[in-house]
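Visitor: What follows is the file entry.tsv, containing TSV, C-alpha atoms:
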chain	number	residue	atom	x	y	z
A	263	MET	CA	0.00	0.00	0.00
A	264	SER	CA	2.79	2.42	-0.79
A	265	GLY	CA	1.91	5.86	-2.03
A	266	GLN	CA	3.48	5.34	-5.42
A	267	SER	CA	1.64	2.19	-6.42
A	268	GLN	CA	-1.72	3.62	-5.40
A	269	ARG	CA	-2.11	6.52	-7.73
A	270	LEU	CA	-3.54	7.20	-11.13
A	271	THR	CA	-1.17	7.54	-14.04
A	272	VAL	CA	-1.51	11.17	-15.00
A	273	VAL	CA	0.64	13.90	-16.46
A	274	PRO	CA	1.60	16.20	-13.58
A	275	THR	CA	0.22	19.52	-14.73
A	276	VAL	CA	-1.75	22.27	-13.07
A	277	THR	CA	-4.84	21.40	-15.15
A	278	MET	CA	-4.64	17.80	-14.02
A	279	LEU	CA	-4.27	18.96	-10.43
A	280	GLY	CA	-7.50	20.94	-10.77
A	281	ALA	CA	-9.29	17.97	-12.32
A	282	MET	CA	-8.06	15.65	-9.55
A	283	LYS	CA	-9.16	18.08	-6.88
A	284	ALA	CA	-12.61	18.27	-8.48
A	285	ARG	CA	-12.79	14.49	-8.53
A	286	LEU	CA	-11.78	14.29	-4.90
A	287	VAL	CA	-14.53	16.74	-3.98
A	288	GLY	CA	-17.01	14.66	-5.96
A	289	ALA	CA	-15.85	11.45	-4.30
A	290	THR	CA	-16.13	13.01	-0.85
A	291	ARG	CA	-19.65	14.21	-1.50
A	292	GLY	CA	-20.65	10.86	-2.97
A	293	HIS	CA	-19.21	9.11	0.04
A	294	ALA	CA	-21.21	11.31	2.43
A	295	LEU	CA	-24.42	10.75	0.48
A	296	LEU	CA	-23.95	7.00	0.29
A	297	LYS	CA	-23.21	6.87	3.97
A	298	LYS	CA	-26.49	8.66	4.66
A	299	LYS	CA	-28.33	6.26	2.35
A	300	SER	CA	-26.81	3.30	4.12
A	301	ASP	CA	-27.88	4.70	7.48
A	302	ALA	CA	-31.44	5.29	6.27
A	303	LEU	CA	-31.61	1.76	4.90
A	304	THR	CA	-30.30	0.30	8.12
A	305	VAL	CA	-32.94	2.10	10.14
A	306	GLN	CA	-35.61	0.72	7.84
A	307	PHE	CA	-34.03	-2.70	7.98
A	308	ARG	CA	-34.18	-2.85	11.76
A	309	GLN	CA	-37.82	-1.82	11.76
A	310	ILE	CA	-38.59	-4.58	9.30
A	311	LEU	CA	-36.65	-7.08	11.40
A	312	LYS	CA	-38.79	-6.27	14.40
A	313	LYS	CA	-41.98	-6.47	12.37
A	314	ILE	CA	-40.99	-9.82	10.89
A	315	VAL	CA	-40.41	-11.36	14.28
A	316	LEU	CA	-43.78	-10.07	15.49
A	317	ALA	CA	-45.59	-11.22	12.35
A	318	LYS	CA	-44.04	-14.69	12.52
A	319	GLU	CA	-45.29	-15.04	16.05
A	320	SER	CA	-48.79	-13.87	15.19
A	321	MET	CA	-48.79	-16.19	12.18
A	322	GLY	CA	-48.62	-19.17	14.52
A	323	ASP	CA	-51.72	-18.03	16.40
A	324	VAL	CA	-53.67	-17.23	13.26
A	325	MET	CA	-52.85	-20.56	11.68
A	326	LYS	CA	-53.88	-22.35	14.82
A	327	ALA	CA	-57.21	-20.50	14.85
A	328	SER	CA	-57.89	-21.26	11.20
A	329	SER	CA	-56.98	-24.92	11.58
A	330	PHE	CA	-59.38	-25.12	14.44
A	331	ALA	CA	-62.09	-23.46	12.38
A	332	LEU	CA	-61.52	-26.02	9.64
A	333	THR	CA	-61.82	-28.84	12.14
A	334	GLU	CA	-65.08	-27.37	13.35
A	335	ALA	CA	-66.39	-27.07	9.82
A	336	LYS	CA	-65.38	-30.66	9.11
A	337	TYR	CA	-67.10	-31.87	12.21
A	338	VAL	CA	-70.33	-30.10	11.34
A	339	ALA	CA	-70.36	-30.51	7.57
A	340	GLY	CA	-68.72	-33.89	7.38
A	341	GLU	CA	-65.38	-35.14	6.06
A	342	ASN	CA	-66.64	-34.86	2.50
A	343	ILE	CA	-66.44	-31.11	2.48
A	344	LYS	CA	-62.83	-31.20	1.40
A	345	HIS	CA	-63.69	-33.09	-1.76
A	346	THR	CA	-66.34	-30.51	-2.57
A	347	VAL	CA	-63.81	-27.76	-2.02
A	348	LEU	CA	-61.08	-29.47	-4.01
A	349	GLU	CA	-63.40	-30.08	-6.93
A	350	ASN	CA	-64.70	-26.54	-6.94
A	351	VAL	CA	-61.41	-24.88	-7.75
A	352	GLN	CA	-61.57	-22.87	-10.95
A	353	SER	CA	-59.87	-19.55	-10.85
A	354	ALA	CA	-58.47	-17.66	-7.94
A	355	THR	CA	-60.71	-15.08	-6.38
A	356	LEU	CA	-58.17	-14.05	-3.82
A	357	LYS	CA	-55.18	-12.56	-5.52
A	358	VAL	CA	-52.15	-10.52	-4.70
A	359	ARG	CA	-51.31	-7.15	-6.09
A	360	SER	CA	-47.86	-5.69	-5.76
A	361	ARG	CA	-46.88	-2.09	-5.47
A	362	GLN	CA	-43.56	-0.50	-4.86
A	363	GLU	CA	-42.38	1.60	-1.99
A	364	ASN	CA	-39.38	3.79	-2.41
A	365	ILE	CA	-36.96	3.99	0.48
A	366	ALA	CA	-33.81	6.02	-0.15
A	367	GLY	CA	-33.84	5.03	-3.79
A	368	VAL	CA	-34.44	1.34	-3.14
A	369	LYS	CA	-37.68	-0.01	-4.50
A	370	LEU	CA	-39.31	-2.36	-2.03
A	371	PRO	CA	-42.14	-4.53	-3.25
A	372	LYS	CA	-45.24	-4.56	-1.06
A	373	PHE	CA	-48.05	-7.03	-1.49
A	374	ASP	CA	-51.73	-6.34	-1.06
A	375	TYR	CA	-54.34	-9.03	-1.31
A	376	PHE	CA	-57.68	-8.38	-2.92
A	377	SER	CA	-60.66	-10.52	-3.80
A	378	GLU	CA	-61.96	-10.58	-7.28
A	379	GLY	CA	-65.42	-11.75	-8.25
A	380	GLU	CA	-67.69	-14.09	-6.32
A	381	THR	CA	-66.45	-17.09	-4.45
A	382	LYS	CA	-67.46	-20.37	-5.98
A	383	ASN	CA	-67.80	-22.03	-2.64
A	384	ASP	CA	-70.97	-20.22	-1.68
A	385	LEU	CA	-73.01	-23.36	-1.87
A	386	THR	CA	-70.53	-25.50	-0.01
A	387	GLY	CA	-72.10	-26.89	3.12
A	388	LEU	CA	-75.56	-25.92	1.99
A	389	ALA	CA	-76.95	-29.16	3.39
A	390	ARG	CA	-75.38	-28.73	6.79
A	391	GLY	CA	-72.80	-26.67	8.56
A	392	GLY	CA	-72.96	-23.73	6.19
A	393	GLN	CA	-72.29	-21.24	8.93
A	394	GLN	CA	-69.24	-23.10	10.18
A	395	VAL	CA	-67.93	-23.30	6.64
A	396	GLN	CA	-68.33	-19.57	6.19
A	397	LEU	CA	-66.61	-18.97	9.54
A	398	CYS	CA	-63.79	-21.23	8.47
A	399	ARG	CA	-63.54	-19.30	5.21
A	400	ALA	CA	-63.31	-16.03	7.11
A	401	ALA	CA	-60.63	-17.47	9.37
A	402	TYR	CA	-58.55	-18.52	6.37
A	403	VAL	CA	-59.00	-15.15	4.67
A	404	LYS	CA	-57.67	-13.58	7.86
A	405	ALA	CA	-54.76	-16.00	7.78
A	406	ILE	CA	-54.06	-14.97	4.19
A	407	GLU	CA	-54.05	-11.35	5.28
A	408	VAL	CA	-51.37	-12.03	7.87
A	409	LEU	CA	-49.39	-14.23	5.51
A	410	VAL	CA	-49.43	-11.67	2.70
A	411	GLU	CA	-48.22	-9.03	5.14
A	412	LEU	CA	-45.49	-11.37	6.27
A	413	ALA	CA	-44.55	-12.12	2.68
A	414	SER	CA	-44.13	-8.47	1.82
A	415	LEU	CA	-42.05	-7.94	4.96
A	416	GLN	CA	-39.91	-10.88	4.04
A	417	THR	CA	-39.44	-9.64	0.48
A	418	SER	CA	-38.51	-6.19	1.77
A	419	PHE	CA	-36.08	-7.85	4.15
A	420	LEU	CA	-34.27	-9.69	1.37
A	421	THR	CA	-34.26	-6.68	-0.96
A	422	LEU	CA	-33.02	-4.34	1.74
A	423	ASP	CA	-30.37	-6.80	2.81
A	424	GLU	CA	-29.04	-6.86	-0.73
A	425	ALA	CA	-29.27	-3.07	-1.07
A	426	ILE	CA	-27.46	-2.45	2.20
A	427	LYS	CA	-24.68	-4.80	1.20
A	428	THR	CA	-24.25	-3.04	-2.15
A	429	THR	CA	-24.30	0.41	-0.56
A	430	ASN	CA	-21.80	-0.53	2.10
A	431	ARG	CA	-19.53	-2.01	-0.52
A	432	ARG	CA	-19.69	1.26	-2.45
A	433	VAL	CA	-19.06	3.32	0.68
A	434	ASN	CA	-16.02	1.24	1.55
A	435	ALA	CA	-14.71	1.34	-2.01
A	436	LEU	CA	-14.92	5.12	-2.06
A	437	GLU	CA	-13.39	5.45	1.36
A	438	ASN	CA	-10.57	2.94	1.04
A	439	VAL	CA	-9.73	2.87	-2.65
A	440	VAL	CA	-10.92	5.85	-4.63
A	441	LYS	CA	-10.24	8.62	-2.14
A	442	PRO	CA	-6.70	7.52	-1.11
A	443	ARG	CA	-5.82	7.05	-4.74
A	444	LEU	CA	-6.98	10.55	-5.63
A	445	GLU	CA	-5.19	12.01	-2.62
A	446	ASN	CA	-2.00	10.22	-3.59
A	447	THR	CA	-2.33	11.50	-7.13
A	448	ILE	CA	-2.82	15.05	-5.89
A	449	SER	CA	0.21	14.91	-3.61
A	450	TYR	CA	2.23	13.37	-6.43
A	451	ILE	CA	1.24	16.17	-8.79
A	452	LYS	CA	2.00	18.78	-6.14
A	453	GLY	CA	5.42	17.24	-5.52
A	454	GLU	CA	6.18	17.16	-9.21
A	455	LEU	CA	5.09	20.77	-9.64
A	456	ASP	CA	7.27	21.86	-6.70
A	457	GLU	CA	10.18	20.03	-8.24
A	458	LEU	CA	9.63	21.83	-11.53
A	459	GLU	CA	9.44	25.14	-9.74
A	460	ARG	CA	12.71	24.50	-7.93
A	461	GLU	CA	14.35	23.55	-11.20
A	462	ASP	CA	13.12	26.75	-12.79
A	463	PHE	CA	14.34	28.81	-9.88
A	464	PHE	CA	17.77	27.23	-10.03
A	465	ARG	CA	17.98	27.79	-13.75
A	466	LEU	CA	17.04	31.44	-13.33
A	467	LYS	CA	19.67	31.87	-10.64
A	468	LYS	CA	22.25	30.28	-12.86
A	469	ILE	CA	21.36	32.53	-15.78
A	470	GLN	CA	21.47	35.55	-13.51
A	471	GLY	CA	24.97	34.57	-12.42
A	472	TYR	CA	26.14	34.19	-16.00
A	473	LYS	CA	24.72	37.58	-16.91
A	474	LYS	CA	26.31	39.22	-13.92
A	475	ARG	CA	29.71	37.80	-14.79
A	476	ALA	CA	29.33	38.86	-18.42
A	477	ILE	CA	28.49	42.43	-17.39
A	478	GLU	CA	31.43	42.53	-15.01
A	479	ARG	CA	33.75	41.33	-17.73
A	480	GLN	CA	32.42	44.00	-20.08
A	481	LEU	CA	32.83	46.68	-17.44
A	482	ALA	CA	36.39	45.57	-16.77
A	483	ALA	CA	37.15	45.60	-20.50
A	484	ALA	CA	35.64	49.06	-20.88
A	485	LYS	CA	37.63	50.34	-17.94
A	486	GLU	CA	40.85	48.94	-19.30
A	487	PHE	CA	40.11	50.52	-22.65
A	488	ALA	CA	39.43	53.90	-21.04
A	489	VAL	CA	42.62	53.70	-19.02
A	490	GLU	CA	44.55	52.79	-22.14
A	491	GLN	CA	43.13	55.75	-24.00
A	492	PHE	CA	43.82	58.09	-21.14
A	493	ALA	CA	47.37	56.84	-20.86
A	494	GLU	CA	47.88	57.42	-24.56
A	495	LYS	CA	46.55	60.92	-24.18
A	496	VAL	CA	48.83	61.64	-21.26
A	497	ALA	CA	51.76	60.17	-23.15
A	498	LEU	CA	51.04	62.41	-26.07
A	499	GLN	CA	50.67	65.46	-23.87
A	500	LYS	CA	53.75	64.94	-21.74
A	501	GLY	CA	55.84	63.37	-24.45
A	502	ILE	CA	56.72	60.32	-22.41
A	503	SER	CA	56.34	56.69	-23.34
A	504	VAL	CA	53.06	54.91	-22.84
A	505	ASN	CA	54.57	52.66	-20.15
A	506	ALA	CA	55.78	55.60	-18.13
A	507	ALA	CA	52.34	57.17	-18.42
A	508	HIS	CA	50.86	53.91	-17.06
A	509	ASN	CA	53.14	54.00	-14.08
A	510	LEU	CA	52.29	57.62	-13.48
A	511	LEU	CA	48.57	56.86	-13.62
A	512	ASN	CA	48.92	53.86	-11.33
A	513	ASP	CA	50.73	55.96	-8.76
A	514	ALA	CA	48.00	58.58	-8.99
A	515	MET	CA	45.34	55.89	-8.52
A	516	GLN	CA	47.21	54.53	-5.51
A	517	MET	CA	47.28	57.91	-3.99
A	518	ASP	CA	43.57	58.40	-4.69
A	519	GLU	CA	42.79	55.16	-2.99
A	520	ASP	CA	44.94	56.16	-0.02
A	521	ILE	CA	42.99	59.35	0.28
A	522	VAL	CA	39.73	57.45	0.10
A	523	VAL	CA	40.87	55.00	2.75
B	198	MET	CA	-28.79	-9.18	-9.40
B	199	ALA	CA	-31.44	-10.90	-7.35
B	200	GLY	CA	-33.05	-7.63	-6.42
B	201	LYS	CA	-34.11	-6.89	-9.97
B	202	ALA	CA	-36.80	-9.55	-10.33
B	203	GLN	CA	-40.14	-7.85	-10.72
B	204	LEU	CA	-43.72	-8.84	-11.10
B	205	PRO	CA	-45.30	-8.70	-14.53
B	206	THR	CA	-47.16	-5.57	-15.44
B	207	SER	CA	-50.58	-7.18	-15.13
B	208	ASN	CA	-50.04	-6.57	-11.43
B	209	SER	CA	-52.19	-9.32	-10.07
B	210	ALA	CA	-50.56	-12.47	-8.94
B	211	LEU	CA	-51.38	-15.78	-7.35
B	212	ILE	CA	-50.48	-17.42	-4.09
B	213	ALA	CA	-49.08	-20.91	-4.58
B	214	MET	CA	-49.17	-23.60	-1.91
B	215	ILE	CA	-47.34	-26.78	-1.06
B	216	ALA	CA	-48.95	-28.20	2.05
B	217	ASP	CA	-50.94	-31.00	3.59
B	218	GLU	CA	-54.52	-31.61	2.59
B	219	ASP	CA	-56.20	-29.79	5.45
B	220	THR	CA	-54.20	-26.61	5.06
B	221	VAL	CA	-54.73	-26.61	1.31
B	222	THR	CA	-58.45	-27.19	1.78
B	223	GLY	CA	-58.68	-24.24	4.12
B	224	PHE	CA	-56.92	-21.89	1.78
B	225	LEU	CA	-58.88	-23.14	-1.20
B	226	LEU	CA	-62.02	-22.38	0.75
B	227	ALA	CA	-60.73	-18.83	1.17
B	228	GLY	CA	-60.38	-18.70	-2.61
B	229	VAL	CA	-56.71	-18.77	-3.51
B	230	GLY	CA	-56.96	-21.86	-5.71
B	231	ASN	CA	-56.43	-21.51	-9.42
B	232	VAL	CA	-56.56	-23.93	-12.32
B	233	ASP	CA	-55.11	-22.68	-15.57
B	234	LEU	CA	-55.95	-23.61	-19.14
B	235	ARG	CA	-53.69	-26.64	-19.09
B	236	ARG	CA	-55.42	-27.90	-15.96
B	237	LYS	CA	-52.40	-27.07	-13.84
B	238	THR	CA	-53.11	-26.13	-10.29
B	239	ASN	CA	-51.27	-23.59	-8.19
B	240	TYR	CA	-51.19	-25.90	-5.20
B	241	LEU	CA	-49.76	-29.27	-4.32
B	242	ILE	CA	-51.28	-31.53	-1.72
B	243	VAL	CA	-48.60	-33.43	0.12
B	244	ASP	CA	-49.58	-36.70	1.71
B	245	SER	CA	-47.68	-39.81	2.71
B	246	LYS	CA	-47.56	-40.98	-0.92
B	247	THR	CA	-46.06	-37.81	-2.36
B	248	THR	CA	-42.44	-38.25	-3.37
B	249	VAL	CA	-39.72	-35.74	-2.59
B	250	LYS	CA	-39.12	-35.47	-6.32
B	251	ALA	CA	-42.70	-34.31	-6.89
B	252	ILE	CA	-42.33	-31.68	-4.16
B	253	GLU	CA	-39.05	-30.49	-5.64
B	254	ASP	CA	-40.61	-30.19	-9.08
B	255	ALA	CA	-43.60	-28.29	-7.71
B	256	PHE	CA	-41.35	-25.95	-5.76
B	257	LYS	CA	-39.22	-25.24	-8.82
B	258	GLU	CA	-42.29	-24.71	-10.95
B	259	PHE	CA	-43.94	-22.31	-8.53
B	260	THR	CA	-40.79	-20.29	-7.95
B	261	THR	CA	-40.16	-19.86	-11.66
B	262	LYS	CA	-43.74	-19.07	-12.65
B	263	GLU	CA	-44.22	-15.44	-13.47
B	264	ASP	CA	-47.66	-14.96	-12.00
B	265	VAL	CA	-46.84	-16.33	-8.56
B	266	ALA	CA	-46.05	-13.74	-5.90
B	267	ILE	CA	-46.00	-15.86	-2.76
B	268	VAL	CA	-45.25	-19.54	-2.25
B	269	MET	CA	-46.57	-20.94	0.99
B	270	ILE	CA	-44.96	-24.15	2.05
B	271	SER	CA	-45.66	-26.21	5.15
B	272	GLN	CA	-42.66	-26.35	7.33
B	273	TYR	CA	-42.40	-30.12	7.44
B	274	VAL	CA	-42.56	-30.13	3.65
B	275	ALA	CA	-39.92	-27.43	3.52
B	276	ASN	CA	-37.73	-29.60	5.72
B	277	MET	CA	-37.90	-32.35	3.08
B	278	ILE	CA	-36.48	-30.02	0.45
B	279	ARG	CA	-34.46	-27.85	2.82
B	280	PHE	CA	-31.51	-27.56	0.43
B	281	LEU	CA	-33.76	-26.05	-2.24
B	282	VAL	CA	-35.47	-23.64	0.14
B	283	ASP	CA	-32.21	-22.48	1.66
B	284	GLY	CA	-30.63	-22.09	-1.75
B	285	TYR	CA	-33.45	-19.90	-2.92
B	286	ASN	CA	-32.68	-16.22	-2.38
B	287	LYS	CA	-34.84	-14.25	-4.78
B	288	PRO	CA	-37.24	-11.70	-3.29
B	289	ILE	CA	-40.09	-12.55	-5.66
B	290	PRO	CA	-41.85	-14.92	-5.26
B	291	ALA	CA	-41.54	-14.83	-1.51
B	292	ILE	CA	-41.25	-18.16	0.25
B	293	LEU	CA	-43.34	-18.44	3.39
B	294	GLU	CA	-42.96	-21.34	5.73
B	295	ILE	CA	-46.24	-21.92	7.49
B	296	PRO	CA	-47.04	-24.21	10.37
B	297	SER	CA	-49.26	-27.20	9.65
B	298	LYS	CA	-51.77	-28.85	11.87
B	299	ASP	CA	-49.91	-32.03	12.75
B	300	HIS	CA	-46.46	-30.47	12.90
B	301	PRO	CA	-45.71	-27.74	15.41
B	302	TYR	CA	-43.91	-24.71	14.08
B	303	ASP	CA	-40.22	-24.55	14.80
B	304	PRO	CA	-38.72	-21.09	14.15
B	305	ALA	CA	-35.20	-22.50	14.17
B	306	HIS	CA	-35.77	-24.27	10.86
B	307	ASP	CA	-37.17	-21.30	8.98
B	308	SER	CA	-34.55	-20.13	6.49
B	309	VAL	CA	-35.53	-16.49	6.67
B	310	LEU	CA	-36.26	-16.40	10.36
B	311	SER	CA	-32.92	-17.95	11.21
B	312	ARG	CA	-31.23	-15.16	9.28
B	313	VAL	CA	-33.40	-12.62	11.05
B	314	LYS	CA	-32.50	-14.04	14.43
B	315	TYR	CA	-28.84	-14.16	13.48
B	316	LEU	CA	-28.88	-10.50	12.45
B	317	PHE	CA	-30.81	-9.57	15.55
B	318	SER	CA	-28.34	-11.15	17.90
B	319	ALA	CA	-25.41	-9.79	15.89
B	320	GLU	CA	-26.87	-6.32	16.03
B	321	SER	CA	-27.64	-6.42	19.70
B	322	VAL	CA	-24.09	-7.56	20.37
B	323	ALA	CA	-22.79	-4.75	18.20
B	324	SER	CA	-25.00	-2.16	19.87
B	325	GLY	CA	-24.01	-3.47	23.30
B	326	ARG	CA	-20.40	-2.89	22.48
B	327	ARG	CA	-20.99	0.69	21.45
Please lay out the structure from this file as structure tokens.

Guide:
Amino acid sequence: MSGQSQRLTVVPTVTMLGAMKARLVGATRGHALLKKKSDALTVQFRQILKKIVLAKESMGDVMKASSFALTEAKYVAGENIKHTVLENVQSATLKVRSRQENIAGVKLPKFDYFSEGETKNDLTGLARGGQQVQLCRAAYVKAIEVLVELASLQTSFLTLDEAIKTTNRRVNALENVVKPRLENTISYIKGELDELEREDFFRLKKIQGYKKRAIERQLAAAKEFAVEQFAEKVALQKGISVNAAHNLLNDAMQMDEDIVV
Amino acid sequence: MAGKAQLPTSNSALIAMIADEDTVTGFLLAGVGNVDLRRKTNYLIVDSKTTVKAIEDAFKEFTTKEDVAIVMISQYVANMIRFLVDGYNKPIPAILEIPSKDHPYDPAHDSVLSRVKYLFSAESVASGRR
């Protein structure tokens, strides 16, 4: 997990630095949002967990009640009722409709039961025990109600479980992979840019030095030339040789310097 | 992904059943039974003569049918094909394990409920640590 291996391969330029910074900002914001989503989903998930446990417990009671109602109906209407019921099946009158609930961008299916058309079993138990049969029917419809509720809870549970896993994976990926990589890239680009700047500075210094030396050399040459000319002039005026004039001038300069000091 | 399975647009679906005769009779009385054009029913009555293979086939058929939203299965029947029930993880159709008259309901065997309990205990441990 060294800094060098975990960075994007980019050209270290100022433009790229800006782009990387923008991406880091985006990643940070995305991370925060996903974290919030994950929290919201978890809250929902816990609520559903509680509801499922409650519904499973109530399911036991409801099923017991409906079984008992069926036993009663059988006792009153006779064992043969089940054959009548089994033969009477044509098309379902009790059906399930699904709708979707949106929780933090996750679509959870919810089931509703509804009855459609007339029940075919109206005449069942006409001879005897009709009331018990109808009671039994009501008990089972109630059972269906609880079971459909439980089914939608269970479906939500599975869907949410999946969604939470995906979201957490994304959150972790952003936090542990994408963001460090971008940060590494940014620090790499900054380092490279600093290096370039130092190089530039050094080069400028070097050039300055060269220029300074060149100017000094020119000044020295100009001075020498001036002295030469002056010496020639003096030589011409006093009628002495150029060398003697030089010596004269040097002595004068020495004296000047002594005065200055 | 498993989360993408959706109901058909017709938006009305059936409840399928795999259970003993009494339970099936009760629910048929309530009106969930359906026989389609090919004389196929949306329920399977399990008695002592029903083979595990037949239950497996029915389970597979109900879970792959498009117009089935919920599959109710008696717990003792689910225990016979436990590997199939546990291996099933799609949200639709939902698998519901229901108690039957002769077999008391045991929450420990329920595939979903065991996960619920597991998460519950894990979460309470986690929250206790905080």

Visitor: Determine the nearest neighbour of Phe376 of chain A from the options B:Ala227, B:Asp217, B:Ile278, B:Thr222, counting all atoms listed in the file.

Guide: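 Checking each candidate against Phe376 of chain A, we get B:Ala227 as the closest.
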
Visitor: Can you tell me how far atom CA of Ile252 of chain B sits from atom CA of Ala335 of chain A, in Å to one decimal?

Guide: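 The value is 28.2 Å.
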
Visitor: With only C-alpha atoms as the basis for distance, which of A:Arg361, A:Lys485, A:Arg432, A:Lys344 is at the shortest distance from Ser300 of chain A?

Guide: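 Of the candidates, the smallest distance to Ser300 of chain A is held by A:Arg432.
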
Visitor: Please report as a short mmCIF file (atom, residue, chain, number, x, y, z; two decimals) with C-alpha atoms, in the frame of the given file which residues of chain A come no farther than 6 Å from chain B, using all atoms listed in the file.

Guide:
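What ended up in iface05.cif:
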data_model
loop_
_atom_site.label_atom_id
_atom_site.label_comp_id
_atom_site.auth_asym_id
_atom_site.auth_seq_id
_atom_site.Cartn_x
_atom_site.Cartn_y
_atom_site.Cartn_z
CA LYS A 344 -62.83 -31.20 1.40
CA VAL A 351 -61.41 -24.88 -7.75
CA GLN A 352 -61.57 -22.87 -10.95
CA SER A 353 -59.87 -19.55 -10.85
CA ALA A 354 -58.47 -17.66 -7.94
CA THR A 355 -60.71 -15.08 -6.38
CA LEU A 356 -58.17 -14.05 -3.82
CA LYS A 357 -55.18 -12.56 -5.52
CA VAL A 358 -52.15 -10.52 -4.70
CA ARG A 359 -51.31 -7.15 -6.09
CA ARG A 399 -63.54 -19.30 5.21
CA TYR A 402 -58.55 -18.52 6.37
CA VAL A 403 -59.00 -15.15 4.67
CA ALA A 413 -44.55 -12.12 2.68
CA THR A 417 -39.44 -9.64 0.48
CA LEU A 420 -34.27 -9.69 1.37
CA THR A 421 -34.26 -6.68 -0.96
#

Visitor: If we count all atoms listed in the file and set the cut-off at 10 Å, which residues sit around Glu437 of chain A, ignoring sequence neighbours fewer than 3 positions away in its own chain? Please answer as a ChimeraX atom specification.

Guide: /A:289-290,293-294,431-434,440-443

Visitor: So how far away is atom CA of Met325 of chain A from atom CA of Thr248 of chain B, in Å?

Guide: 25.5 Å

Visitor: Which value, in Å to one decimal, gives the distance between atom CA of Ala405 of chain A and atom CA of Gln362 of chain A?

Guide: 22.9 Å

Visitor: Using only C-alpha atoms for the distances, tell me which of A:Ala506, A:Ala483, A:Val439, A:Val395 is nearest to Val347 of chain A.

Guide: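 The closest residue to Val347 of chain A is A:Val395.
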
Visitor: Please identify all polymer residues within 10 Å of Glu411 of chain A, counting all atoms listed in the file, omitting same-chain residues fewer than 5 positions from it, and present them as an NGL selection string.

Guide: :A and (313-314 or 317 or 372-375 or 405-406 or 416-417)

Visitor: Determine, counting only C-alpha atoms, which protein, DNA and RNA residues have an atom within 7 Å of an atom of Ile448 of chain A; residues of the same chain fewer than 4 positions away are not included. Present the result as a PDB file with C-alpha atoms, in the frame of the given file.

Guide:
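And here's selection14.pdb as it stands now:
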ATOM      1  CA  LEU A 279      -4.270  18.960 -10.430  1.00  0.00           C
ATOM      2  CA  MET A 282      -8.060  15.650  -9.550  1.00  0.00           C
ATOM      3  CA  LEU A 444      -6.980  10.550  -5.630  1.00  0.00           C
ATOM      4  CA  LYS A 452       2.000  18.780  -6.140  1.00  0.00           C
TER       5      LYS A 452
END

Visitor: So for segment 332-347 of chain A, what box centre and size do we get, axis-aligned, 4 Å extra on each of the six sides, every listed atom, Å to one decimal, as AutoDock Vina command-line options?

Guide:
--center_x -65.9 --center_y -30.6 --center_z 5.4 --size_x 16.8 --size_y 17.1 --size_z 23.9
